[in-house]
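Raw contents of data.tsv, TSV, C-alpha atoms and all ligand atoms:
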chain	number	residue	atom	x	y	z
A	1	MET	CA	-106.30	-29.07	-31.23
A	2	ASN	CA	-106.81	-27.35	-34.54
A	3	GLN	CA	-109.43	-24.63	-34.50
A	4	PRO	CA	-110.84	-22.82	-37.47
A	5	VAL	CA	-108.89	-19.63	-38.15
A	6	GLU	CA	-112.19	-17.76	-38.09
A	7	ALA	CA	-112.72	-18.70	-34.43
A	8	LEU	CA	-109.28	-17.46	-33.42
A	9	VAL	CA	-108.93	-14.14	-35.18
A	10	GLY	CA	-112.43	-13.10	-36.12
A	11	ASP	CA	-113.25	-11.89	-39.58
A	12	GLU	CA	-113.26	-8.46	-41.17
A	13	PHE	CA	-116.42	-9.62	-42.98
A	14	ASP	CA	-118.28	-10.56	-39.78
A	15	GLY	CA	-120.61	-7.57	-40.21
A	16	ALA	CA	-121.58	-8.66	-43.70
A	17	PHE	CA	-122.01	-12.35	-42.80
A	18	GLN	CA	-124.21	-11.46	-39.84
A	19	GLY	CA	-125.96	-8.43	-41.28
A	20	ASN	CA	-126.92	-9.61	-44.77
A	21	ARG	CA	-129.80	-12.11	-44.68
A	22	LEU	CA	-128.48	-14.13	-47.63
A	23	LEU	CA	-124.90	-14.31	-46.37
A	24	ALA	CA	-126.13	-15.09	-42.85
A	25	THR	CA	-127.48	-18.43	-44.09
A	26	LEU	CA	-124.05	-19.62	-45.20
A	27	GLY	CA	-122.13	-22.23	-43.27
A	28	PRO	CA	-118.32	-22.28	-42.84
A	29	ALA	CA	-117.72	-24.11	-46.13
A	30	GLU	CA	-119.64	-21.56	-48.20
A	31	ARG	CA	-118.12	-18.64	-46.33
A	32	ASN	CA	-114.67	-19.98	-47.11
A	33	LEU	CA	-115.60	-20.21	-50.80
A	34	LEU	CA	-116.58	-16.54	-50.90
A	35	ARG	CA	-114.32	-14.87	-48.33
A	36	PRO	CA	-111.15	-14.65	-50.51
A	37	HIS	CA	-113.13	-12.76	-53.16
A	38	MET	CA	-114.98	-10.32	-50.90
A	39	THR	CA	-114.27	-6.60	-50.72
A	40	LEU	CA	-115.78	-4.22	-48.17
A	41	VAL	CA	-117.18	-0.98	-49.58
A	42	GLU	CA	-118.97	2.03	-48.11
A	43	MET	CA	-121.64	3.48	-50.36
A	44	ALA	CA	-123.19	6.94	-50.18
A	45	ALA	CA	-126.62	8.15	-51.30
A	46	GLY	CA	-126.54	8.82	-55.03
A	47	ASP	CA	-123.74	6.31	-55.79
A	48	THR	CA	-124.33	4.15	-58.86
A	49	VAL	CA	-124.24	0.38	-58.32
A	50	LEU	CA	-125.25	-0.65	-61.84
A	51	SER	CA	-125.60	1.41	-65.02
A	52	ALA	CA	-128.21	0.26	-67.53
A	53	GLY	CA	-126.45	-1.29	-70.52
A	54	SER	CA	-123.08	-1.70	-68.79
A	55	PRO	CA	-121.57	-5.10	-67.99
A	56	VAL	CA	-122.29	-6.49	-64.54
A	57	THR	CA	-118.97	-7.50	-63.02
A	58	ARG	CA	-119.84	-7.91	-59.36
A	59	SER	CA	-122.66	-8.65	-56.94
A	60	LEU	CA	-123.16	-6.30	-54.02
A	61	PHE	CA	-124.49	-7.52	-50.66
A	62	PRO	CA	-125.74	-4.62	-48.48
A	63	PHE	CA	-125.76	-4.76	-44.71
A	64	ASP	CA	-126.55	-2.29	-41.95
A	65	SER	CA	-128.49	0.66	-43.45
A	66	LEU	CA	-127.64	0.42	-47.17
A	67	VAL	CA	-130.66	0.52	-49.51
A	68	VAL	CA	-130.37	0.39	-53.31
A	69	SER	CA	-133.16	1.19	-55.76
A	70	MET	CA	-133.44	-0.56	-59.10
A	71	MET	CA	-134.78	2.11	-61.40
A	72	VAL	CA	-136.16	2.07	-64.92
A	73	GLU	CA	-135.40	5.35	-66.64
A	74	LEU	CA	-137.40	6.59	-69.61
A	75	SER	CA	-136.65	9.27	-72.15
A	76	GLY	CA	-137.53	12.75	-71.00
A	77	GLY	CA	-135.92	12.21	-67.61
A	78	ARG	CA	-138.74	10.18	-66.06
A	79	SER	CA	-137.95	7.22	-63.83
A	80	VAL	CA	-139.59	4.84	-61.40
A	81	GLU	CA	-138.35	2.25	-58.94
A	82	VAL	CA	-139.18	-1.37	-59.78
A	83	ALA	CA	-137.42	-3.05	-56.85
A	84	SER	CA	-135.40	-2.10	-53.80
A	85	VAL	CA	-132.63	-4.09	-52.18
A	86	GLY	CA	-131.21	-3.83	-48.69
A	87	LYS	CA	-129.71	-6.20	-46.19
A	88	GLU	CA	-132.22	-8.92	-47.15
A	89	GLY	CA	-130.64	-9.36	-50.57
A	90	ALA	CA	-128.09	-8.56	-53.23
A	91	VAL	CA	-127.72	-6.49	-56.40
A	92	GLY	CA	-126.02	-7.46	-59.64
A	93	GLY	CA	-126.14	-10.65	-61.69
A	94	ILE	CA	-128.81	-12.26	-59.52
A	95	VAL	CA	-131.26	-13.16	-62.28
A	96	SER	CA	-128.83	-13.22	-65.21
A	97	CYS	CA	-126.08	-15.13	-63.32
A	98	GLY	CA	-123.64	-12.68	-64.87
A	99	ASN	CA	-122.28	-12.21	-68.38
A	100	SER	CA	-125.10	-9.83	-69.28
A	101	PRO	CA	-125.44	-6.07	-69.31
A	102	ALA	CA	-127.51	-4.52	-66.54
A	103	PHE	CA	-131.06	-3.69	-67.59
A	104	THR	CA	-131.87	-1.24	-64.80
A	105	HIS	CA	-130.02	1.61	-63.21
A	106	ALA	CA	-129.25	0.70	-59.58
A	107	VAL	CA	-128.60	3.66	-57.32
A	108	VAL	CA	-127.95	3.99	-53.59
A	109	GLN	CA	-130.84	5.70	-51.76
A	110	ILE	CA	-129.67	5.24	-48.17
A	111	GLY	CA	-125.92	5.02	-47.63
A	112	GLY	CA	-124.17	2.22	-45.78
A	113	PRO	CA	-121.71	-0.66	-46.07
A	114	ALA	CA	-121.70	-3.68	-48.38
A	115	VAL	CA	-119.44	-6.43	-49.56
A	116	THR	CA	-118.88	-7.04	-53.24
A	117	ILE	CA	-118.02	-10.36	-54.88
A	118	PRO	CA	-116.94	-10.68	-58.52
A	119	ILE	CA	-119.62	-12.40	-60.60
A	120	HIS	CA	-117.26	-15.12	-61.86
A	121	ALA	CA	-116.27	-16.02	-58.26
A	122	LEU	CA	-119.91	-16.15	-57.17
A	123	GLU	CA	-120.83	-18.38	-60.11
A	124	LEU	CA	-117.98	-20.78	-59.30
A	125	ALA	CA	-119.10	-20.87	-55.66
A	126	LYS	CA	-122.67	-21.67	-56.76
A	127	GLN	CA	-121.35	-24.61	-58.79
A	128	ALA	CA	-119.54	-25.87	-55.69
A	129	SER	CA	-122.46	-25.45	-53.28
A	130	LYS	CA	-126.06	-26.59	-53.71
A	131	HIS	CA	-127.08	-24.31	-50.86
A	132	LEU	CA	-125.67	-21.25	-52.64
A	133	GLU	CA	-127.29	-22.25	-55.92
A	134	HIS	CA	-130.71	-22.68	-54.28
A	135	LEU	CA	-130.31	-19.51	-52.24
A	136	PHE	CA	-129.77	-17.38	-55.33
A	137	CYS	CA	-132.53	-19.12	-57.31
A	138	ARG	CA	-134.93	-18.33	-54.50
A	139	TYR	CA	-133.73	-14.78	-54.05
A	140	ALA	CA	-134.05	-14.21	-57.81
A	141	ASP	CA	-137.67	-15.39	-57.53
A	142	TYR	CA	-138.30	-12.85	-54.77
A	143	LEU	CA	-136.62	-10.08	-56.78
A	144	LEU	CA	-138.81	-10.88	-59.79
A	145	ALA	CA	-141.86	-10.90	-57.53
A	146	GLN	CA	-141.00	-7.37	-56.45
A	147	VAL	CA	-140.72	-6.25	-60.07
A	148	MET	CA	-144.03	-7.91	-61.03
A	149	GLN	CA	-145.82	-6.43	-58.03
A	150	SER	CA	-144.39	-3.00	-58.84
A	151	ALA	CA	-145.83	-3.21	-62.37
A	152	ALA	CA	-149.32	-3.63	-60.90
A	153	CYS	CA	-148.72	-1.19	-58.04
A	154	ASN	CA	-147.42	1.59	-60.29
A	155	SER	CA	-150.40	1.12	-62.62
A	156	PHE	CA	-153.28	0.91	-60.18
A	157	HIS	CA	-152.51	2.11	-56.67
A	158	PRO	CA	-152.82	5.71	-55.48
A	159	ILE	CA	-149.64	7.61	-54.79
A	160	ASP	CA	-150.15	7.99	-51.03
A	161	ALA	CA	-150.59	4.20	-50.65
A	162	ARG	CA	-147.49	3.59	-52.81
A	163	ALA	CA	-145.48	6.05	-50.73
A	164	ALA	CA	-146.60	4.33	-47.52
A	165	ARG	CA	-145.62	0.95	-48.99
A	166	TRP	CA	-142.16	2.22	-49.94
A	167	LEU	CA	-141.56	3.71	-46.50
A	168	LEU	CA	-142.41	0.37	-44.85
A	169	HIS	CA	-140.03	-1.58	-47.10
A	170	VAL	CA	-137.24	0.90	-46.44
A	171	GLN	CA	-137.88	1.07	-42.71
A	172	ASP	CA	-137.54	-2.73	-42.61
A	173	ARG	CA	-134.23	-2.54	-44.44
A	174	VAL	CA	-132.71	0.40	-42.63
A	175	GLY	CA	-133.93	-0.90	-39.26
A	176	ASP	CA	-134.61	2.61	-38.04
A	177	ASP	CA	-137.61	4.95	-37.79
A	178	ARG	CA	-135.58	7.70	-39.43
A	179	ILE	CA	-135.02	7.73	-43.17
A	180	THR	CA	-132.84	10.37	-44.82
A	181	LEU	CA	-133.97	11.05	-48.36
A	182	THR	CA	-134.28	14.12	-50.56
A	183	GLN	CA	-137.59	15.05	-52.17
A	184	GLU	CA	-135.94	14.64	-55.59
A	185	ALA	CA	-134.95	11.06	-54.77
A	186	LEU	CA	-138.41	10.14	-53.48
A	187	ALA	CA	-140.02	11.73	-56.55
A	188	ALA	CA	-137.77	9.66	-58.84
A	189	ILE	CA	-138.52	6.46	-56.88
A	190	LEU	CA	-142.27	6.96	-57.08
A	191	GLY	CA	-142.21	8.34	-60.64
A	192	VAL	CA	-143.94	11.59	-59.74
A	193	GLN	CA	-143.15	15.31	-59.58
A	194	ARG	CA	-141.61	16.89	-56.50
A	195	THR	CA	-144.81	18.83	-55.90
A	196	THR	CA	-146.68	15.52	-55.66
A	197	VAL	CA	-144.17	14.19	-53.12
A	198	ASN	CA	-144.71	17.35	-51.12
A	199	ALA	CA	-148.47	16.88	-51.14
A	200	VAL	CA	-148.22	13.19	-50.20
A	201	ALA	CA	-145.81	13.92	-47.34
A	202	ARG	CA	-148.20	16.57	-46.07
A	203	VAL	CA	-151.14	14.13	-46.12
A	204	LEU	CA	-149.18	11.38	-44.32
A	205	GLN	CA	-147.95	13.94	-41.81
A	206	GLU	CA	-151.44	15.30	-41.15
A	207	GLN	CA	-152.55	11.73	-40.47
A	208	GLY	CA	-149.81	11.45	-37.85
A	209	LEU	CA	-148.06	8.64	-39.75
A	210	ILE	CA	-144.76	10.41	-40.46
A	211	SER	CA	-142.97	13.65	-39.84
A	212	TYR	CA	-141.04	15.05	-42.76
A	213	ARG	CA	-138.56	17.87	-42.62
A	214	ARG	CA	-135.74	18.80	-44.98
A	215	GLY	CA	-135.13	15.33	-46.33
A	216	ASN	CA	-135.58	13.60	-42.99
A	217	ILE	CA	-138.55	11.28	-42.70
A	218	GLN	CA	-139.49	9.93	-39.31
A	219	VAL	CA	-141.99	7.07	-39.20
A	220	ALA	CA	-144.28	8.07	-36.32
A	221	ASP	CA	-146.97	5.38	-36.58
A	222	ARG	CA	-145.91	2.15	-38.29
A	223	GLU	CA	-149.25	0.43	-37.67
A	224	GLY	CA	-151.05	3.36	-39.24
A	225	LEU	CA	-148.62	3.35	-42.16
A	226	MET	CA	-149.40	-0.34	-42.74
A	227	LYS	CA	-153.10	0.47	-42.93
A	228	ALA	CA	-152.38	3.33	-45.34
A	229	ALA	CA	-150.11	1.19	-47.58
A	230	CYS	CA	-151.46	-0.75	-50.53
A	231	GLU	CA	-151.66	-4.54	-50.44
A	232	CYS	CA	-148.31	-4.76	-52.25
A	233	TYR	CA	-146.22	-4.41	-49.08
A	234	ALA	CA	-147.74	-7.52	-47.51
A	235	ALA	CA	-147.73	-9.40	-50.82
A	236	VAL	CA	-144.01	-8.87	-51.39
A	237	GLU	CA	-142.95	-9.48	-47.80
A	238	GLY	CA	-145.14	-12.58	-47.68
A	239	HIS	CA	-143.42	-13.93	-50.78
A	240	PHE	CA	-140.01	-13.38	-49.21
A	241	ALA	CA	-141.07	-15.42	-46.19
A	242	ALA	CA	-142.53	-18.13	-48.46
A	243	VAL	CA	-139.44	-18.60	-50.62
A	244	LEU	CA	-136.64	-17.68	-48.22
A	245	GLY	CA	-138.25	-18.16	-44.81
A	246	GLU	CA	-138.91	-15.69	-42.01
A	247	ASP	CA	-135.24	-15.88	-41.08
A	248	GLY	CA	-134.03	-15.89	-44.68
A	249	ARG	CA	-133.22	-19.62	-44.62
A	250	GLY	CA	-136.31	-21.16	-46.17
A	251	GLY	CA	-137.58	-24.70	-45.66
A	252	PRO	CA	-136.51	-26.54	-48.80
A	253	MET	CA	-133.34	-24.49	-49.01
A	254	SER	CA	-132.16	-25.73	-45.63
A	255	ASP	CA	-132.24	-29.26	-46.95
A	256	CYS	CA	-129.45	-28.36	-49.34
A	257	ALA	CA	-127.09	-26.90	-46.75
B	1	ZN	ZN	-149.33	-1.25	-54.49
What is this structure when it is put down as structure tokens?
Amino acid sequence: MNQPVEALVGDEFDGAFQGNRLLATLGPAERNLLRPHMTLVEMAAGDTVLSAGSPVTRSLFPFDSLVVSMMVELSGGRSVEVASVGKEGAVGGIVSCGNSPAFTHAVVQIGGPAVTIPIHALELAKQASKHLEHLFCRYADYLLAQVMQSAACNSFHPIDARAARWLLHVQDRVGDDRITLTQEALAAILGVQRTTVNAVARVLQEQGLISYRRGNIQVADREGLMKAACECYAAVEGHFAAVLGEDGRGGPMSDCA
């Protein structure tokens, strides 16, 4: 009896297919469309995924602990994060569907593994699979929701609430209470000075919500951190569940599988 090759020999991309919430929704047919084009990469904190203005040639699907920030950089060296991507999503060509220069700078904040797929191969796979097409439409909607929420958050919400929100998002993605991040990186993400990050970390630590030492953040009280975070954490996570489903599959999307 013929058995799928996958069942006999396993797959070097098993980790990505199981660990990335978008790839995990794919059935055997879609996996076979993408597998020949996939490359495994290991990314380290500080690595550039996309450079603003440069062509986007590949999409990157994080799994395990990898977290990427999409940053808008202004003249004078100021920057702020507008969206973050971990194992729930993908970076590169999601909204544009390729053939466009990157608008933001995407940089690795927490290192980890990913698979990359050339944009042209992903676009061909989307044409061949309704499920893939819907999946990326819906994920693009979630990514835009993050950016829109960040515009409001960065304008109106106090820095300690924004920091708490960011820590919750990243804890979800890393899947660990411990987050390794320099003060410089956190300052760039939040668009504030290092001294401000120091002050915020001290406040959150005094409240017993985190401990913070030499670039290592430990979430000590997640419930408390949720109370300290602005409404944006729940708004963005709620939208993910609404468009992609609690398990990343989504209601209407499943109909296309
Ligand atoms: Zn907010």
Could you give me, as a Markdown table, a per-residue list for chain A showing, wherever an atom lies at most 10 Å from an atom of ligand ZN 1 (chain B), the closest pair of atoms and their distance in Å to one decimal, using all atoms listed in the file and sorting by chain then residue number from low to high?
| residue | atom | partner | partner_atom | distance |
| --- | --- | --- | --- | --- |
| A:Gln149 | CA | B:ZN1 | ZN | 7.2 |
| A:Ser150 | CA | B:ZN1 | ZN | 6.8 |
| A:Ala151 | CA | B:ZN1 | ZN | 8.8 |
| A:Ala152 | CA | B:ZN1 | ZN | 6.8 |
| A:Cys153 | CA | B:ZN1 | ZN | 3.6 |
| A:Asn154 | CA | B:ZN1 | ZN | 6.7 |
| A:Ser155 | CA | B:ZN1 | ZN | 8.5 |
| A:Phe156 | CA | B:ZN1 | ZN | 7.3 |
| A:His157 | CA | B:ZN1 | ZN | 5.1 |
| A:Pro158 | CA | B:ZN1 | ZN | 7.8 |
| A:Ile159 | CA | B:ZN1 | ZN | 8.9 |
| A:Asp160 | CA | B:ZN1 | ZN | 9.9 |
| A:Ala161 | CA | B:ZN1 | ZN | 6.8 |
| A:Arg162 | CA | B:ZN1 | ZN | 5.4 |
| A:Ala163 | CA | B:ZN1 | ZN | 9.1 |
| A:Ala164 | CA | B:ZN1 | ZN | 9.3 |
| A:Arg165 | CA | B:ZN1 | ZN | 7.0 |
| A:Trp166 | CA | B:ZN1 | ZN | 9.2 |
| A:Ala229 | CA | B:ZN1 | ZN | 7.4 |
| A:Cys230 | CA | B:ZN1 | ZN | 4.5 |
| A:Glu231 | CA | B:ZN1 | ZN | 5.7 |
| A:Cys232 | CA | B:ZN1 | ZN | 4.3 |
| A:Tyr233 | CA | B:ZN1 | ZN | 7.0 |
| A:Ala234 | CA | B:ZN1 | ZN | 9.5 |
| A:Ala235 | CA | B:ZN1 | ZN | 9.1 |
| A:Val236 | CA | B:ZN1 | ZN | 9.8 |
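Using all atoms listed in the file, the protein and nucleic acid residues lying no more than 8 Å from Thr180 of chain A, apart from those fewer than 3 places from it along its own chain, are A:Ile110, A:Gly215, A:Asn216, A:Ile217.
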If we count all atoms listed in the file, what is near Glu42 of chain A at a cut-off of 9 Å, once residues fewer than 3 positions away on the same chain are taken out, given as a list of chain:residue names?
-> A:Leu66, A:Gly111, A:Gly112, A:Pro113, A:Ala114, A:Val115
Might you pull out every residue within 9 Å of segment 82-99 of chain A, with all atoms listed in the file counted and same-chain residues fewer than 3 positions away left off, and present them as an mmCIF file with C-alpha atoms, in the frame of the given file?
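Result file is part_8.cif:
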data_model
loop_
_atom_site.group_PDB
_atom_site.id
_atom_site.type_symbol
_atom_site.label_atom_id
_atom_site.label_comp_id
_atom_site.auth_asym_id
_atom_site.auth_seq_id
_atom_site.Cartn_x
_atom_site.Cartn_y
_atom_site.Cartn_z
ATOM 1 C CA ALA A 16 -121.580 -8.660 -43.700
ATOM 2 C CA GLY A 19 -125.960 -8.430 -41.280
ATOM 3 C CA ASN A 20 -126.920 -9.610 -44.770
ATOM 4 C CA ARG A 21 -129.800 -12.110 -44.680
ATOM 5 C CA LEU A 22 -128.480 -14.130 -47.630
ATOM 6 C CA LEU A 23 -124.900 -14.310 -46.370
ATOM 7 C CA VAL A 49 -124.240 0.380 -58.320
ATOM 8 C CA LEU A 50 -125.250 -0.650 -61.840
ATOM 9 C CA PRO A 55 -121.570 -5.100 -67.990
ATOM 10 C CA VAL A 56 -122.290 -6.490 -64.540
ATOM 11 C CA THR A 57 -118.970 -7.500 -63.020
ATOM 12 C CA ARG A 58 -119.840 -7.910 -59.360
ATOM 13 C CA SER A 59 -122.660 -8.650 -56.940
ATOM 14 C CA LEU A 60 -123.160 -6.300 -54.020
ATOM 15 C CA PHE A 61 -124.490 -7.520 -50.660
ATOM 16 C CA PRO A 62 -125.740 -4.620 -48.480
ATOM 17 C CA PHE A 63 -125.760 -4.760 -44.710
ATOM 18 C CA ASP A 64 -126.550 -2.290 -41.950
ATOM 19 C CA SER A 65 -128.490 0.660 -43.450
ATOM 20 C CA LEU A 66 -127.640 0.420 -47.170
ATOM 21 C CA VAL A 67 -130.660 0.520 -49.510
ATOM 22 C CA VAL A 68 -130.370 0.390 -53.310
ATOM 23 C CA SER A 69 -133.160 1.190 -55.760
ATOM 24 C CA MET A 70 -133.440 -0.560 -59.100
ATOM 25 C CA MET A 71 -134.780 2.110 -61.400
ATOM 26 C CA VAL A 72 -136.160 2.070 -64.920
ATOM 27 C CA ALA A 102 -127.510 -4.520 -66.540
ATOM 28 C CA THR A 104 -131.870 -1.240 -64.800
ATOM 29 C CA ALA A 106 -129.250 0.700 -59.580
ATOM 30 C CA ALA A 114 -121.700 -3.680 -48.380
ATOM 31 C CA ILE A 119 -119.620 -12.400 -60.600
ATOM 32 C CA HIS A 120 -117.260 -15.120 -61.860
ATOM 33 C CA LEU A 122 -119.910 -16.150 -57.170
ATOM 34 C CA GLU A 123 -120.830 -18.380 -60.110
ATOM 35 C CA PHE A 136 -129.770 -17.380 -55.330
ATOM 36 C CA CYS A 137 -132.530 -19.120 -57.310
ATOM 37 C CA TYR A 139 -133.730 -14.780 -54.050
ATOM 38 C CA ALA A 140 -134.050 -14.210 -57.810
ATOM 39 C CA ASP A 141 -137.670 -15.390 -57.530
ATOM 40 C CA LEU A 143 -136.620 -10.080 -56.780
ATOM 41 C CA LEU A 144 -138.810 -10.880 -59.790
ATOM 42 C CA GLN A 146 -141.000 -7.370 -56.450
ATOM 43 C CA VAL A 147 -140.720 -6.250 -60.070
ATOM 44 C CA MET A 148 -144.030 -7.910 -61.030
ATOM 45 C CA GLN A 149 -145.820 -6.430 -58.030
ATOM 46 C CA SER A 150 -144.390 -3.000 -58.840
ATOM 47 C CA ALA A 151 -145.830 -3.210 -62.370
ATOM 48 C CA ASN A 154 -147.420 1.590 -60.290
ATOM 49 C CA TRP A 166 -142.160 2.220 -49.940
ATOM 50 C CA HIS A 169 -140.030 -1.580 -47.100
ATOM 51 C CA VAL A 170 -137.240 0.900 -46.440
ATOM 52 C CA ASP A 172 -137.540 -2.730 -42.610
ATOM 53 C CA ARG A 173 -134.230 -2.540 -44.440
ATOM 54 C CA VAL A 174 -132.710 0.400 -42.630
ATOM 55 C CA ILE A 189 -138.520 6.460 -56.880
ATOM 56 C CA GLY A 248 -134.030 -15.890 -44.680
#
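If only C-alpha atoms are the atoms counted, then among A:Leu225, A:Ala145, A:Ala29, A:Val243 the closest residue to Ala125 of chain A is A:Ala29.
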Work out how far apart atom CA of Phe13 of chain A and atom CA of Thr39 of chain A are and give it in Å to one decimal.
->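 Going from atom CA of Phe13 of chain A over to atom CA of Thr39 of chain A covers 8.6 Å.
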Which residues come within 9 Å of Thr48 of chain A, counting all atoms listed in the file, excluding same-chain residues fewer than 4 positions away, as a list in words?
->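 Final neighbour list, sorted by chain and number: Met43, His105, Ala106, Val107 and Val108 of chain A.
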Could you work out how far atom CA of Gly238 of chain A lies from atom CA of Gln207 of chain A, giving the answer in Å with one decimal?
-> 26.4 Å
How many Å lie between atom CA of Pro118 of chain A and atom CA of Leu244 of chain A, rounded to one decimal?
->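 For atom CA of Pro118 of chain A relative to atom CA of Leu244 of chain A, the distance reads 23.3 Å.
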Padding 3 Å on every side, please: axis-aligned box over the listed atoms of segment 194-203 of chain A, centre and edge lengths to one decimal in Å, as AutoDock Vina command-line options.
--center_x -146.4 --center_y 16.0 --center_z -51.3 --size_x 15.5 --size_y 11.6 --size_z 16.4
May I ask which of the residues A:Gly245, A:Gly208, A:Gly77, A:Gly175 is the closest one to Tyr142 of chain A, counting all atoms listed in the file?
-> A:Gly245
Nearby residues (all atoms listed in the file) at most 9 Å from Leu26 of chain A, same-chain spacing under 4 positions excluded, as a ChimeraX atom specification | /A:17,22,30-31,131-132,257
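Distance annotation: of A:Ala52, A:Val197, A:Val219, A:Leu74, the residue with the minimal separation from Leu168 of chain A is A:Val219; atom set is all atoms listed in the file.
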Would you list the residues near (-136.2, 17.2, -48.0) (no more than 12 Å away, in the coordinates of the file, using only C-alpha atoms) as a VMD selection string?
-> chain A and resid 179 to 187 194 to 195 197 to 198 201 211 to 218
Writer output for current selection, C-alpha atoms, as a CSV table (one decimal), keeping the file's coordinate frame:
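Printed below is out_0.csv as written:
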chain,number,residue,atom,x,y,z
A,179,ILE,CA,-135.0,7.7,-43.2
A,180,THR,CA,-132.8,10.4,-44.8
A,181,LEU,CA,-134.0,11.0,-48.4
A,182,THR,CA,-134.3,14.1,-50.6
A,183,GLN,CA,-137.6,15.0,-52.2
A,184,GLU,CA,-135.9,14.6,-55.6
A,185,ALA,CA,-135.0,11.1,-54.8
A,186,LEU,CA,-138.4,10.1,-53.5
A,187,ALA,CA,-140.0,11.7,-56.6
A,194,ARG,CA,-141.6,16.9,-56.5
A,195,THR,CA,-144.8,18.8,-55.9
A,197,VAL,CA,-144.2,14.2,-53.1
A,198,ASN,CA,-144.7,17.4,-51.1
A,201,ALA,CA,-145.8,13.9,-47.3
A,211,SER,CA,-143.0,13.6,-39.8
A,212,TYR,CA,-141.0,15.0,-42.8
A,213,ARG,CA,-138.6,17.9,-42.6
A,214,ARG,CA,-135.7,18.8,-45.0
A,215,GLY,CA,-135.1,15.3,-46.3
A,216,ASN,CA,-135.6,13.6,-43.0
A,217,ILE,CA,-138.6,11.3,-42.7
A,218,GLN,CA,-139.5,9.9,-39.3
